[in-house]
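S.K.: Got a file for you: data-v2.cif, mmCIF, N, CA and C atoms.
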```cif
data_upload
#
loop_
_atom_site.label_atom_id
_atom_site.label_comp_id
_atom_site.auth_asym_id
_atom_site.auth_seq_id
_atom_site.Cartn_x
_atom_site.Cartn_y
_atom_site.Cartn_z
N MET A 1 6.28 -1.79 -18.39
CA MET A 1 5.68 -2.78 -17.52
C MET A 1 4.96 -3.84 -18.34
N PRO A 2 4.99 -5.07 -17.87
CA PRO A 2 4.31 -6.12 -18.61
C PRO A 2 2.79 -6.00 -18.48
N TYR A 3 2.10 -6.61 -19.42
CA TYR A 3 0.64 -6.64 -19.36
C TYR A 3 0.14 -7.99 -19.85
N GLU A 4 -1.09 -8.27 -19.53
CA GLU A 4 -1.73 -9.52 -19.92
C GLU A 4 -3.18 -9.23 -20.25
N ILE A 5 -3.72 -9.96 -21.19
CA ILE A 5 -5.14 -9.88 -21.50
C ILE A 5 -5.71 -11.28 -21.30
N ILE A 6 -6.69 -11.37 -20.40
CA ILE A 6 -7.30 -12.66 -20.09
C ILE A 6 -8.78 -12.56 -20.45
N THR A 7 -9.27 -13.52 -21.21
CA THR A 7 -10.67 -13.54 -21.62
C THR A 7 -11.34 -14.77 -21.03
N LEU A 8 -12.46 -14.53 -20.35
CA LEU A 8 -13.20 -15.59 -19.68
C LEU A 8 -14.56 -15.77 -20.33
N GLU A 9 -14.95 -17.01 -20.55
CA GLU A 9 -16.26 -17.29 -21.14
C GLU A 9 -17.31 -17.47 -20.05
N PHE A 10 -18.50 -16.93 -20.28
CA PHE A 10 -19.61 -17.07 -19.34
C PHE A 10 -20.15 -18.49 -19.41
N ASN A 11 -20.29 -19.12 -18.25
CA ASN A 11 -20.82 -20.48 -18.17
C ASN A 11 -22.33 -20.40 -18.02
N GLN A 12 -23.06 -20.85 -19.01
CA GLN A 12 -24.53 -20.78 -19.00
C GLN A 12 -25.14 -21.67 -17.92
N THR A 13 -24.47 -22.76 -17.58
CA THR A 13 -25.01 -23.68 -16.58
C THR A 13 -24.93 -23.08 -15.18
N THR A 14 -23.75 -22.56 -14.81
CA THR A 14 -23.57 -22.01 -13.46
C THR A 14 -23.91 -20.54 -13.38
N LYS A 15 -24.10 -19.90 -14.54
CA LYS A 15 -24.40 -18.46 -14.62
C LYS A 15 -23.28 -17.62 -14.01
N THR A 16 -22.03 -18.06 -14.22
CA THR A 16 -20.87 -17.34 -13.68
C THR A 16 -19.72 -17.38 -14.68
N PHE A 17 -18.75 -16.54 -14.43
CA PHE A 17 -17.47 -16.61 -15.12
C PHE A 17 -16.52 -17.38 -14.21
N ASN A 18 -15.75 -18.29 -14.75
CA ASN A 18 -14.77 -19.01 -13.96
C ASN A 18 -13.53 -18.12 -13.84
N VAL A 19 -13.38 -17.48 -12.69
CA VAL A 19 -12.30 -16.51 -12.51
C VAL A 19 -11.02 -17.14 -11.94
N ASP A 20 -10.97 -18.47 -11.85
CA ASP A 20 -9.78 -19.13 -11.31
C ASP A 20 -8.53 -18.77 -12.10
N VAL A 21 -8.64 -18.70 -13.42
CA VAL A 21 -7.48 -18.34 -14.26
C VAL A 21 -6.99 -16.94 -13.91
N LEU A 22 -7.92 -16.02 -13.76
CA LEU A 22 -7.59 -14.65 -13.40
C LEU A 22 -6.96 -14.58 -12.01
N ASN A 23 -7.55 -15.27 -11.05
CA ASN A 23 -7.01 -15.29 -9.70
C ASN A 23 -5.60 -15.88 -9.65
N GLU A 24 -5.42 -16.97 -10.34
CA GLU A 24 -4.11 -17.63 -10.36
C GLU A 24 -3.05 -16.71 -10.97
N PHE A 25 -3.43 -15.99 -12.02
CA PHE A 25 -2.48 -15.08 -12.65
C PHE A 25 -2.09 -13.94 -11.70
N CYS A 26 -3.06 -13.39 -10.98
CA CYS A 26 -2.83 -12.19 -10.15
C CYS A 26 -2.22 -12.48 -8.78
N ILE A 27 -2.16 -13.71 -8.38
CA ILE A 27 -1.79 -14.01 -7.00
C ILE A 27 -0.39 -13.54 -6.62
N ASN A 28 0.53 -13.49 -7.53
CA ASN A 28 1.90 -13.08 -7.21
C ASN A 28 2.28 -11.79 -7.93
N LYS A 29 1.29 -10.93 -8.15
CA LYS A 29 1.54 -9.70 -8.90
C LYS A 29 0.93 -8.49 -8.22
N LYS A 30 1.54 -7.35 -8.45
CA LYS A 30 0.96 -6.08 -8.06
C LYS A 30 0.25 -5.55 -9.31
N VAL A 31 -1.05 -5.42 -9.22
CA VAL A 31 -1.83 -4.95 -10.37
C VAL A 31 -1.88 -3.43 -10.33
N ASN A 32 -1.37 -2.79 -11.39
CA ASN A 32 -1.34 -1.34 -11.48
C ASN A 32 -2.59 -0.78 -12.13
N LEU A 33 -3.12 -1.51 -13.10
CA LEU A 33 -4.26 -1.00 -13.87
C LEU A 33 -5.02 -2.18 -14.46
N THR A 34 -6.35 -2.07 -14.44
CA THR A 34 -7.17 -3.06 -15.14
C THR A 34 -8.20 -2.33 -15.98
N LYS A 35 -8.51 -2.91 -17.09
CA LYS A 35 -9.61 -2.44 -17.93
C LYS A 35 -10.42 -3.67 -18.28
N VAL A 36 -11.71 -3.58 -18.05
CA VAL A 36 -12.59 -4.73 -18.23
C VAL A 36 -13.59 -4.42 -19.33
N GLU A 37 -13.79 -5.38 -20.20
CA GLU A 37 -14.79 -5.25 -21.27
C GLU A 37 -15.63 -6.51 -21.31
N PHE A 38 -16.91 -6.32 -21.48
CA PHE A 38 -17.85 -7.42 -21.67
C PHE A 38 -18.24 -7.43 -23.14
N PHE A 39 -18.24 -8.61 -23.76
CA PHE A 39 -18.65 -8.67 -25.16
C PHE A 39 -19.29 -10.02 -25.46
N SER A 40 -20.03 -10.05 -26.56
CA SER A 40 -20.66 -11.27 -27.04
C SER A 40 -20.12 -11.60 -28.42
N ASN A 41 -19.98 -12.87 -28.70
CA ASN A 41 -19.50 -13.32 -30.00
C ASN A 41 -20.18 -14.65 -30.31
N HIS A 42 -20.90 -14.71 -31.40
CA HIS A 42 -21.60 -15.91 -31.83
C HIS A 42 -22.51 -16.46 -30.72
N GLY A 43 -23.21 -15.58 -30.03
CA GLY A 43 -24.15 -15.98 -29.00
C GLY A 43 -23.54 -16.34 -27.66
N LYS A 44 -22.23 -16.22 -27.53
CA LYS A 44 -21.58 -16.51 -26.26
C LYS A 44 -21.09 -15.20 -25.65
N ASN A 45 -21.15 -15.13 -24.31
CA ASN A 45 -20.73 -13.93 -23.60
C ASN A 45 -19.34 -14.12 -23.01
N TYR A 46 -18.56 -13.03 -23.06
CA TYR A 46 -17.18 -13.07 -22.57
C TYR A 46 -16.88 -11.84 -21.73
N TRP A 47 -15.91 -12.01 -20.85
CA TRP A 47 -15.39 -10.93 -20.03
C TRP A 47 -13.90 -10.89 -20.30
N SER A 48 -13.41 -9.80 -20.85
CA SER A 48 -12.00 -9.67 -21.18
C SER A 48 -11.38 -8.64 -20.26
N VAL A 49 -10.23 -9.00 -19.67
CA VAL A 49 -9.58 -8.15 -18.68
C VAL A 49 -8.16 -7.84 -19.13
N PHE A 50 -7.87 -6.55 -19.27
CA PHE A 50 -6.51 -6.08 -19.55
C PHE A 50 -5.87 -5.79 -18.20
N ILE A 51 -4.68 -6.35 -17.94
CA ILE A 51 -4.01 -6.17 -16.66
C ILE A 51 -2.60 -5.65 -16.88
N ASP A 52 -2.32 -4.47 -16.34
CA ASP A 52 -0.96 -3.91 -16.30
C ASP A 52 -0.44 -4.25 -14.91
N TYR A 53 0.69 -4.95 -14.83
CA TYR A 53 1.13 -5.49 -13.54
C TYR A 53 2.64 -5.45 -13.37
N GLU A 54 3.06 -5.72 -12.15
CA GLU A 54 4.46 -5.94 -11.81
C GLU A 54 4.53 -7.24 -11.03
N ASN A 55 5.55 -8.04 -11.28
CA ASN A 55 5.75 -9.26 -10.48
C ASN A 55 6.24 -8.87 -9.10
N ILE A 56 5.61 -9.40 -8.06
CA ILE A 56 6.08 -9.11 -6.71
C ILE A 56 6.61 -10.35 -6.02
N LEU A 57 6.13 -11.49 -6.39
CA LEU A 57 6.61 -12.75 -5.83
C LEU A 57 6.72 -13.76 -6.95
N GLU A 58 7.82 -14.41 -7.01
CA GLU A 58 7.94 -15.51 -7.95
C GLU A 58 7.36 -16.74 -7.29
N LYS A 59 6.33 -17.28 -7.88
CA LYS A 59 5.69 -18.46 -7.32
C LYS A 59 6.60 -19.65 -7.60
N ASN A 60 7.12 -20.24 -6.54
CA ASN A 60 8.08 -21.32 -6.73
C ASN A 60 7.68 -22.62 -6.03
N GLY A 61 6.51 -22.64 -5.43
CA GLY A 61 6.06 -23.84 -4.76
C GLY A 61 6.60 -23.98 -3.35
N ASN A 62 7.41 -23.02 -2.89
CA ASN A 62 7.99 -23.08 -1.55
C ASN A 62 7.26 -22.19 -0.55
N GLU A 63 5.99 -21.85 -0.82
CA GLU A 63 5.25 -20.94 0.03
C GLU A 63 5.14 -21.45 1.46
N THR A 64 5.13 -22.77 1.63
CA THR A 64 4.98 -23.34 2.96
C THR A 64 6.27 -23.96 3.48
N LYS A 65 7.36 -23.71 2.81
CA LYS A 65 8.65 -24.35 3.14
C LYS A 65 9.05 -24.20 4.60
N ASN A 66 8.91 -22.99 5.16
CA ASN A 66 9.37 -22.73 6.52
C ASN A 66 8.27 -22.87 7.57
N LEU A 67 7.12 -23.39 7.18
CA LEU A 67 6.03 -23.56 8.14
C LEU A 67 6.13 -24.91 8.84
N THR A 68 5.62 -24.95 10.06
CA THR A 68 5.50 -26.22 10.77
C THR A 68 4.41 -27.04 10.09
N GLU A 69 4.28 -28.30 10.50
CA GLU A 69 3.23 -29.14 9.92
C GLU A 69 1.85 -28.53 10.19
N ALA A 70 1.65 -28.03 11.41
CA ALA A 70 0.38 -27.38 11.74
C ALA A 70 0.18 -26.12 10.90
N GLY A 71 1.24 -25.36 10.68
CA GLY A 71 1.17 -24.16 9.85
C GLY A 71 0.79 -24.49 8.42
N LYS A 72 1.34 -25.59 7.89
CA LYS A 72 1.01 -26.02 6.53
C LYS A 72 -0.46 -26.39 6.41
N ILE A 73 -0.98 -27.06 7.43
CA ILE A 73 -2.39 -27.43 7.43
C ILE A 73 -3.25 -26.18 7.46
N CYS A 74 -2.89 -25.22 8.33
CA CYS A 74 -3.63 -23.96 8.41
C CYS A 74 -3.58 -23.20 7.09
N PHE A 75 -2.41 -23.18 6.45
CA PHE A 75 -2.24 -22.50 5.17
C PHE A 75 -3.20 -23.08 4.13
N GLU A 76 -3.26 -24.40 4.04
CA GLU A 76 -4.14 -25.05 3.07
C GLU A 76 -5.61 -24.83 3.40
N LYS A 77 -5.95 -24.89 4.69
CA LYS A 77 -7.34 -24.63 5.10
C LYS A 77 -7.75 -23.20 4.74
N LEU A 78 -6.85 -22.24 4.95
CA LEU A 78 -7.12 -20.85 4.61
C LEU A 78 -7.34 -20.69 3.11
N ARG A 79 -6.50 -21.33 2.30
CA ARG A 79 -6.66 -21.28 0.85
C ARG A 79 -8.01 -21.84 0.43
N GLU A 80 -8.38 -22.99 1.01
CA GLU A 80 -9.67 -23.61 0.69
C GLU A 80 -10.82 -22.69 1.09
N TRP A 81 -10.74 -22.11 2.30
CA TRP A 81 -11.80 -21.21 2.77
C TRP A 81 -11.93 -19.99 1.87
N ARG A 82 -10.80 -19.38 1.50
CA ARG A 82 -10.85 -18.21 0.63
C ARG A 82 -11.51 -18.55 -0.70
N LYS A 83 -11.15 -19.69 -1.26
CA LYS A 83 -11.72 -20.09 -2.55
C LYS A 83 -13.22 -20.33 -2.44
N GLU A 84 -13.65 -21.08 -1.41
CA GLU A 84 -15.07 -21.36 -1.22
C GLU A 84 -15.87 -20.08 -0.98
N THR A 85 -15.34 -19.20 -0.13
CA THR A 85 -16.03 -17.94 0.18
C THR A 85 -16.15 -17.08 -1.06
N ALA A 86 -15.09 -16.99 -1.82
CA ALA A 86 -15.11 -16.18 -3.03
C ALA A 86 -16.11 -16.73 -4.04
N GLU A 87 -16.16 -18.05 -4.18
CA GLU A 87 -17.12 -18.66 -5.11
C GLU A 87 -18.56 -18.36 -4.69
N LYS A 88 -18.83 -18.44 -3.38
CA LYS A 88 -20.18 -18.15 -2.87
C LYS A 88 -20.55 -16.70 -3.12
N GLU A 89 -19.59 -15.79 -2.93
CA GLU A 89 -19.86 -14.36 -3.06
C GLU A 89 -19.66 -13.84 -4.48
N GLY A 90 -19.12 -14.69 -5.37
CA GLY A 90 -18.93 -14.29 -6.76
C GLY A 90 -17.84 -13.25 -6.94
N ILE A 91 -16.76 -13.36 -6.16
CA ILE A 91 -15.65 -12.41 -6.24
C ILE A 91 -14.35 -13.17 -6.38
N PRO A 92 -13.29 -12.52 -6.86
CA PRO A 92 -11.99 -13.20 -6.91
C PRO A 92 -11.53 -13.60 -5.51
N HIS A 93 -10.98 -14.81 -5.37
CA HIS A 93 -10.61 -15.29 -4.03
C HIS A 93 -9.53 -14.43 -3.37
N ILE A 94 -8.74 -13.78 -4.15
CA ILE A 94 -7.69 -12.93 -3.60
C ILE A 94 -8.29 -11.72 -2.88
N CYS A 95 -9.54 -11.38 -3.22
CA CYS A 95 -10.18 -10.20 -2.64
C CYS A 95 -11.12 -10.52 -1.48
N SER A 96 -11.42 -11.79 -1.24
CA SER A 96 -12.48 -12.13 -0.29
C SER A 96 -12.22 -11.57 1.11
N PHE A 97 -11.01 -11.70 1.63
CA PHE A 97 -10.72 -11.18 2.96
C PHE A 97 -10.78 -9.66 2.97
N MET A 98 -10.20 -9.03 1.95
CA MET A 98 -10.17 -7.57 1.89
C MET A 98 -11.58 -6.99 1.82
N ILE A 99 -12.46 -7.58 1.05
CA ILE A 99 -13.82 -7.08 0.92
C ILE A 99 -14.58 -7.22 2.24
N ARG A 100 -14.42 -8.36 2.93
CA ARG A 100 -15.06 -8.53 4.24
C ARG A 100 -14.54 -7.48 5.22
N TYR A 101 -13.24 -7.24 5.21
CA TYR A 101 -12.65 -6.25 6.10
C TYR A 101 -13.24 -4.86 5.82
N MET A 102 -13.30 -4.49 4.54
CA MET A 102 -13.82 -3.17 4.19
C MET A 102 -15.30 -3.04 4.56
N ARG A 103 -16.09 -4.08 4.36
CA ARG A 103 -17.49 -4.04 4.77
C ARG A 103 -17.62 -3.80 6.27
N ASN A 104 -16.80 -4.50 7.05
CA ASN A 104 -16.83 -4.33 8.50
C ASN A 104 -16.41 -2.92 8.90
N ARG A 105 -15.39 -2.39 8.24
CA ARG A 105 -14.93 -1.03 8.56
C ARG A 105 -16.02 0.00 8.20
N LEU A 106 -16.68 -0.19 7.06
CA LEU A 106 -17.76 0.72 6.68
C LEU A 106 -18.90 0.67 7.68
N ALA A 107 -19.21 -0.54 8.16
CA ALA A 107 -20.27 -0.67 9.16
C ALA A 107 -19.89 0.06 10.44
N TYR A 108 -18.65 -0.09 10.83
CA TYR A 108 -18.17 0.59 12.05
C TYR A 108 -18.22 2.11 11.87
N ILE A 109 -17.73 2.59 10.75
CA ILE A 109 -17.75 4.04 10.49
C ILE A 109 -19.19 4.53 10.45
N GLY A 110 -20.07 3.74 9.82
CA GLY A 110 -21.48 4.11 9.76
C GLY A 110 -22.11 4.21 11.13
N SER A 111 -21.73 3.29 12.03
CA SER A 111 -22.31 3.35 13.37
C SER A 111 -21.78 4.57 14.13
N LEU A 112 -20.56 4.98 13.86
CA LEU A 112 -20.01 6.16 14.52
C LEU A 112 -20.66 7.44 14.04
N THR A 113 -21.01 7.48 12.79
CA THR A 113 -21.55 8.71 12.21
C THR A 113 -23.07 8.65 12.01
N LYS A 114 -23.69 7.61 12.57
CA LYS A 114 -25.15 7.42 12.48
C LYS A 114 -25.62 7.19 11.05
N ILE A 115 -24.73 6.70 10.20
CA ILE A 115 -25.09 6.34 8.83
C ILE A 115 -25.14 4.82 8.78
N TYR A 116 -26.22 4.29 8.34
CA TYR A 116 -26.35 2.85 8.31
C TYR A 116 -25.52 2.24 7.19
N HIS A 117 -25.06 1.03 7.45
CA HIS A 117 -24.20 0.30 6.53
C HIS A 117 -24.79 0.23 5.12
N LYS A 118 -26.06 -0.04 5.01
CA LYS A 118 -26.68 -0.17 3.69
C LYS A 118 -26.67 1.14 2.93
N ALA A 119 -26.76 2.25 3.61
CA ALA A 119 -26.73 3.55 2.95
C ALA A 119 -25.35 3.84 2.41
N VAL A 120 -24.31 3.36 3.08
CA VAL A 120 -22.93 3.61 2.66
C VAL A 120 -22.61 2.81 1.41
N ILE A 121 -23.04 1.57 1.39
CA ILE A 121 -22.73 0.70 0.25
C ILE A 121 -23.79 0.92 -0.78
#
```
Written as structure tokens, how would this file's structure read?
M.R.:
Amino acid sequence: MPYEIITLEFNQTTKTFNVDVLNEFCINKKVNLTKVEFFSNHGKNYWSVFIDYENILEKNGNETKNLTEAGKICFEKLREWRKETAEKEGIPHICSFMIRYMRNRLAYIGSLTKIYHKAVI
């Protein structure tokens, strides 16, 4: 299986790692394994990610080919929303919907079993 190593530099101004490169790489792949390492070199901080993956979709620019004009607008709005939400929450944009879904499911399960959401997370 193919693998990739992506290293991201910590931005001192925004106090974040720019994960756009990582998100763009993973968007059309099934990730089998990741290993993450944090390191410093010459006073700069880095996050290095080893990714073992399989290609699942070849990105060809035709993602919206069969959509109506309204569908294309919705597709772009969804992409923008995912990116903005992920940036606010400090998570990869590919995970933003999944994390919100899991939080909601945990809250629901917690209410069923009398365990509060904060105790579960």
S.K.: What residues come out when you apply the PyMOL selection byres (((chain A and resi 29-33 and name CA) around 6) and name CA) to this file, written as a list in words?
M.R.: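 This file, filtered by the PyMOL selection byres (((chain A and resi 29-33 and name CA) around 6) and name CA), leaves Cys26, Ile27, Asn28, Thr34, Ile51, Asp52, Tyr53, Glu54, Asn55 and Ile56 of chain A.
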S.K.: Out of A:Val36, A:Val21, A:Met1, A:Leu78, which residue has the shortest atom-to-atom distance to A:Ser48 when counting all atoms listed in the file?
M.R.: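 Ranked by minimum distance to A:Ser48, first place goes to A:Val36.
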S.K.: Could you tell me how far atom CA of A:Tyr46 lies from atom CA of A:Thr7, in Å and to one decimal?
M.R.: 6.6 Å
S.K.: To one decimal place in Å, what is the distance between atom CA of A:Thr16 and atom CA of A:His42?
M.R.: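 Here the two named atoms are 18.2 Å from each other.
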S.K.: Would you compute the distance between atom CA of A:Pro2 and atom CA of A:Phe50? Give it in Å to one decimal.
M.R.: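 Between these atoms lies a distance of 10.9 Å.
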